[in-house]
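Below you'll find the structure, written out as structure tokens, and then a few comments.
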Amino acid sequence: MKETESVWIRLALIFSVLVLAFIILILPITVVFLEAFAQGWEAYLQGLQDSDTIAAMLMTLKVAGIAVPLNTAFGLVAAFLLTRFEFPGKNILLTIIDSPFAVSPVISGLIFLLLFGKQGWMGDVLEEWNIKIVFNTPGLVIATVFITLPFVARELIPLMQSQGKEEEEAGILLGASLYQTFIKIIIPNIKWGLLYGLILCNARAMGEFGAVSVLSGHIRGKTNTLPLQIEMLYNEYNSVGAFSAASVLVFLSLLTLLLKTILERNLHRKEEIEIPETTGLGKEKNTNVQVSKS
């Protein structure tokens with residue numbers, strides 16, 4: 001009787017998860033493509049060829065192309081420092097890395113607006129030097145960098161902690177420089193985790209809305225990213241154009257999901273390979289101990 005009950009409970013849980021996934025994930029994606037192609041292929045392609053939509057796509061690629069490498073470099077350095085050294089302010093650095101998870105994107109955008117806006121704390125200095133951050137590309141980059149700050153670092157920190165630093169110490173003892181140690185030992189050991197964090201960072205950068213919306217000024221064809229362009233088209237009742245642009249983001253998210261799945265499989269394979277090797281070494285050590293005792 002208990003086995004029958006457990007089977008029914010398991011089936012009920014599986015069914016509920018599938019229904020929830022269909023409602024939250026599959027149904028919205030289906031609606032996006034149905035609305036995008038509601039008036040046929042020609043209207044869909046015309047929506048994608050709109051000059052403002054193309055400008056928004058290019059702006060999205062530009063902002064992500066700047067923010068992702070910056071956060072990748074920061075994540076590498078921060079993970080290396082936090083896992084290999086003890087220094088004053090270590091907990092503060094960890095808090096700074098995690099802060100974008102706790103702060104609303106809209107609030108962070110408002111903070112940067114108060115800092116760099118014309119009436120902000122640094123407004124007079126920026127105006128004197130003729131530097132325009134708010135309602136310009138630098139503002140979008142700053143907002144995106146802040147929002148995507150944790151992804152690479154938080155992916156690498158636990159990975160580097162679990163790997164330890166024995167190989168790096170051995171390389172330094174054998175005469176390797178810090179650069180050689182970093183390139184030939186650290187990077188190969190963390191490459192899959194680094195790519196995983198980079199993909200997540202890039203996906204978040206291209207889909208960011210809240211902070212970018214505050215700092216962009218919604219200037220059509222100039223400071224609009226693709227999510228902002230979709231909102232503007234939808235508010236203008238151009239549903240085909242809005243959902244055509246949204247389909248690009250959906251395609252990019254599906255591509256990100258595919259790459260994420262591939263990287264997860266590579267990480268699991270690496271773990272499966274390392275575990276038997278470690279076990280084998282342990283057996284050899286035990287055998288040597290037994291021989292020496294005999």
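We label chains A, B, ... in the order they appear in the structure tokens, count residues from 1 in each chain, and number ligands from 1 in the order shown.
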
Could I get the residues of segment 49-154 of chain A with an atom no further than 7 Å from an atom of segment 223-242 of chain A, each paired with its nearest atom pair and that distance in Å to one decimal, using only C-alpha atoms, sorted by chain and residue number, as JSON lines?
{"residue": "A:Thr53", "atom": "CA", "partner": "A:Gln229", "partner_atom": "CA", "distance": 6.5}
{"residue": "A:Ala56", "atom": "CA", "partner": "A:Thr225", "partner_atom": "CA", "distance": 4.5}
{"residue": "A:Met57", "atom": "CA", "partner": "A:Leu226", "partner_atom": "CA", "distance": 5.4}
{"residue": "A:Met59", "atom": "CA", "partner": "A:Thr225", "partner_atom": "CA", "distance": 5.6}
{"residue": "A:Thr60", "atom": "CA", "partner": "A:Thr225", "partner_atom": "CA", "distance": 5.0}
{"residue": "A:Phe135", "atom": "CA", "partner": "A:Thr223", "partner_atom": "CA", "distance": 6.7}
{"residue": "A:Asn136", "atom": "CA", "partner": "A:Thr223", "partner_atom": "CA", "distance": 6.1}
{"residue": "A:Thr137", "atom": "CA", "partner": "A:Thr223", "partner_atom": "CA", "distance": 6.6}

**Message:** What parts of segment 116-232 of chain A does DSSP call helix (DSSP H, G or I)? I'd like the answer as a ChimeraX atom specification.
**Reply:** /A:116,123-128,137-147,150-163,166-173,178-207,210-216,226-232

**Asked** Using only C-alpha atoms, which residues sit within 12 Å of segment 249-252 of chain A once same-chain residues fewer than 3 positions away are excluded, as a count of residues only?
**Response** 39

**Message:** Env of Gly109 of chain A: 10 Å cut, atoms = only C-alpha atoms, seq-sep filter 3 positions within chain, self excluded. Answer as a ChimeraX atom specification.
**Reply:** /A:104-106,112-115,134,139-140,142-144,146-147,210-216

Can you spit out the residues from that selection as a short mmCIF file (atom, residue, chain, number, x, y, z; two decimals), in the first residue's frame, using all heavy atoms?
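This went into again_7.cif:
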data_model
loop_
_atom_site.label_atom_id
_atom_site.label_comp_id
_atom_site.auth_asym_id
_atom_site.auth_seq_id
_atom_site.Cartn_x
_atom_site.Cartn_y
_atom_site.Cartn_z
N SER A 104 17.52 46.13 -5.96
CA SER A 104 16.67 46.15 -7.15
C SER A 104 17.37 46.86 -8.29
O SER A 104 18.03 47.90 -8.08
CB SER A 104 15.35 46.85 -6.84
OG SER A 104 14.64 47.13 -8.01
N PRO A 105 17.27 46.35 -9.53
CA PRO A 105 17.90 47.04 -10.67
C PRO A 105 17.44 48.47 -10.84
O PRO A 105 18.25 49.35 -11.19
CB PRO A 105 17.48 46.17 -11.87
CG PRO A 105 17.25 44.81 -11.30
CD PRO A 105 16.69 45.06 -9.93
N VAL A 106 16.17 48.74 -10.58
CA VAL A 106 15.66 50.11 -10.70
C VAL A 106 16.32 51.02 -9.67
O VAL A 106 16.71 52.16 -9.97
CB VAL A 106 14.13 50.13 -10.54
CG1 VAL A 106 13.60 51.56 -10.55
CG2 VAL A 106 13.47 49.31 -11.64
N PHE A 112 22.83 55.50 -9.64
CA PHE A 112 23.77 56.02 -10.64
C PHE A 112 23.28 57.35 -11.23
O PHE A 112 24.09 58.21 -11.59
CB PHE A 112 23.98 54.99 -11.75
CG PHE A 112 24.76 53.79 -11.31
CD1 PHE A 112 24.24 52.52 -11.46
CD2 PHE A 112 26.01 53.93 -10.74
CE1 PHE A 112 24.96 51.41 -11.06
CE2 PHE A 112 26.74 52.82 -10.33
CZ PHE A 112 26.21 51.56 -10.49
N LEU A 113 21.96 57.50 -11.32
CA LEU A 113 21.41 58.76 -11.80
C LEU A 113 21.72 59.89 -10.82
O LEU A 113 22.05 61.01 -11.22
CB LEU A 113 19.90 58.62 -11.98
CG LEU A 113 19.16 59.80 -12.62
CD1 LEU A 113 19.65 60.01 -14.05
CD2 LEU A 113 17.65 59.54 -12.61
N LEU A 114 21.64 59.59 -9.52
CA LEU A 114 21.97 60.58 -8.50
C LEU A 114 23.47 60.89 -8.47
O LEU A 114 23.87 61.99 -8.08
CB LEU A 114 21.52 60.09 -7.12
CG LEU A 114 20.00 60.02 -6.89
CD1 LEU A 114 19.69 59.37 -5.55
CD2 LEU A 114 19.40 61.42 -6.96
N LEU A 115 24.28 59.93 -8.88
CA LEU A 115 25.72 60.14 -8.90
C LEU A 115 26.18 60.92 -10.13
O LEU A 115 26.94 61.88 -10.03
CB LEU A 115 26.45 58.79 -8.84
CG LEU A 115 26.53 58.08 -7.49
CD1 LEU A 115 27.15 56.71 -7.66
CD2 LEU A 115 27.35 58.90 -6.50
N VAL A 134 24.98 59.79 -18.12
CA VAL A 134 23.55 59.50 -18.09
C VAL A 134 22.94 59.81 -19.46
O VAL A 134 23.33 60.78 -20.12
CB VAL A 134 22.86 60.31 -16.98
CG1 VAL A 134 21.35 60.11 -17.01
CG2 VAL A 134 23.42 59.91 -15.62
N GLY A 139 26.52 55.25 -19.44
CA GLY A 139 25.56 54.97 -18.38
C GLY A 139 24.97 53.57 -18.50
O GLY A 139 24.80 52.86 -17.50
N LEU A 140 24.65 53.16 -19.72
CA LEU A 140 24.13 51.81 -19.94
C LEU A 140 25.17 50.76 -19.56
O LEU A 140 24.84 49.73 -18.98
CB LEU A 140 23.73 51.64 -21.41
CG LEU A 140 22.74 52.65 -21.99
CD1 LEU A 140 22.41 52.30 -23.43
CD2 LEU A 140 21.47 52.72 -21.16
N ILE A 142 27.70 51.11 -17.38
CA ILE A 142 27.88 51.10 -15.92
C ILE A 142 26.76 50.33 -15.25
O ILE A 142 26.99 49.50 -14.35
CB ILE A 142 27.95 52.54 -15.38
CG1 ILE A 142 29.26 53.21 -15.82
CG2 ILE A 142 27.84 52.57 -13.86
CD1 ILE A 142 29.34 54.68 -15.53
N ALA A 143 25.52 50.58 -15.67
CA ALA A 143 24.38 49.87 -15.08
C ALA A 143 24.47 48.37 -15.34
O ALA A 143 24.22 47.55 -14.44
CB ALA A 143 23.07 50.43 -15.66
N THR A 144 24.85 47.99 -16.55
CA THR A 144 24.94 46.58 -16.90
C THR A 144 26.08 45.90 -16.16
O THR A 144 25.95 44.75 -15.71
CB THR A 144 25.12 46.42 -18.42
OG1 THR A 144 24.07 47.11 -19.09
CG2 THR A 144 25.08 44.96 -18.82
N PHE A 146 27.24 46.70 -13.23
CA PHE A 146 26.82 46.51 -11.84
C PHE A 146 25.87 45.32 -11.70
O PHE A 146 26.03 44.49 -10.80
CB PHE A 146 26.15 47.78 -11.31
CG PHE A 146 25.61 47.64 -9.92
CD1 PHE A 146 26.46 47.71 -8.83
CD2 PHE A 146 24.25 47.43 -9.70
CE1 PHE A 146 25.97 47.56 -7.53
CE2 PHE A 146 23.76 47.28 -8.41
CZ PHE A 146 24.62 47.35 -7.32
N ILE A 147 24.89 45.23 -12.57
CA ILE A 147 23.88 44.17 -12.46
C ILE A 147 24.49 42.79 -12.69
O ILE A 147 24.10 41.81 -12.06
CB ILE A 147 22.73 44.44 -13.46
CG1 ILE A 147 21.98 45.71 -13.08
CG2 ILE A 147 21.78 43.26 -13.52
CD1 ILE A 147 21.35 45.67 -11.70
N GLY A 210 15.67 46.98 -15.99
CA GLY A 210 15.37 47.97 -14.96
C GLY A 210 16.38 49.10 -14.86
O GLY A 210 16.05 50.28 -15.04
N ALA A 211 17.65 48.77 -14.56
CA ALA A 211 18.67 49.80 -14.38
C ALA A 211 18.94 50.55 -15.68
O ALA A 211 19.11 51.78 -15.69
CB ALA A 211 19.96 49.16 -13.87
N VAL A 212 18.95 49.83 -16.78
CA VAL A 212 19.18 50.44 -18.09
C VAL A 212 18.05 51.39 -18.45
O VAL A 212 18.27 52.45 -19.04
CB VAL A 212 19.35 49.34 -19.16
CG1 VAL A 212 19.31 49.92 -20.56
CG2 VAL A 212 20.66 48.60 -18.95
N SER A 213 16.82 51.03 -18.08
CA SER A 213 15.67 51.88 -18.38
C SER A 213 15.79 53.24 -17.70
O SER A 213 15.42 54.27 -18.27
CB SER A 213 14.39 51.17 -17.94
OG SER A 213 13.27 51.98 -18.14
N VAL A 214 16.31 53.26 -16.48
CA VAL A 214 16.44 54.52 -15.74
C VAL A 214 17.50 55.42 -16.36
O VAL A 214 17.32 56.64 -16.46
CB VAL A 214 16.78 54.23 -14.26
CG1 VAL A 214 17.04 55.53 -13.50
CG2 VAL A 214 15.66 53.45 -13.59
N LEU A 215 18.60 54.82 -16.82
CA LEU A 215 19.74 55.61 -17.30
C LEU A 215 19.73 55.87 -18.80
O LEU A 215 20.55 56.65 -19.28
CB LEU A 215 21.05 54.89 -16.93
CG LEU A 215 21.36 54.80 -15.43
CD1 LEU A 215 22.59 53.95 -15.19
CD2 LEU A 215 21.56 56.19 -14.85
N SER A 216 18.85 55.22 -19.55
CA SER A 216 18.90 55.35 -21.01
C SER A 216 18.23 56.62 -21.52
O SER A 216 18.64 57.19 -22.53
CB SER A 216 18.24 54.14 -21.66
OG SER A 216 16.84 54.19 -21.50
#

**Prompt:** So which residues touch segment 178-185 of chain A within 12 Å, counting only C-alpha atoms, skipping near sequence neighbours fewer than 2 positions away, as a list in words?
**Reply:**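 Selected residues are Leu76, Val77, Phe80, Met160, Gln163, Gly164, Lys165, Glu166, Glu167, Glu168, Glu169, Ala170, Gly171, Ile172, Leu173, Leu174, Gly175, Ala176, Ile187, Pro188, Asn189, Ile190 and Lys191 of chain A.
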
**Complete:** With distances taken over only C-alpha atoms, the candidate from A:Ile186, A:Leu198, A:Ile111, A:Leu82 nearest Pro158 of chain A is A:Leu82

**Prompt:** Pick the closest to Thr72 of chain A from A:Thr148, A:Asn91, A:Gln161, A:Asn130: which is it, counting only C-alpha atoms?
**Reply:** A:Thr148

**Item:** Nearest to Ile157 of chain A, chosen from A:Ala79, A:Gly217, A:Pro138, A:Phe209, with only C-alpha atoms counted in the distances
**Value:** A:Ala79
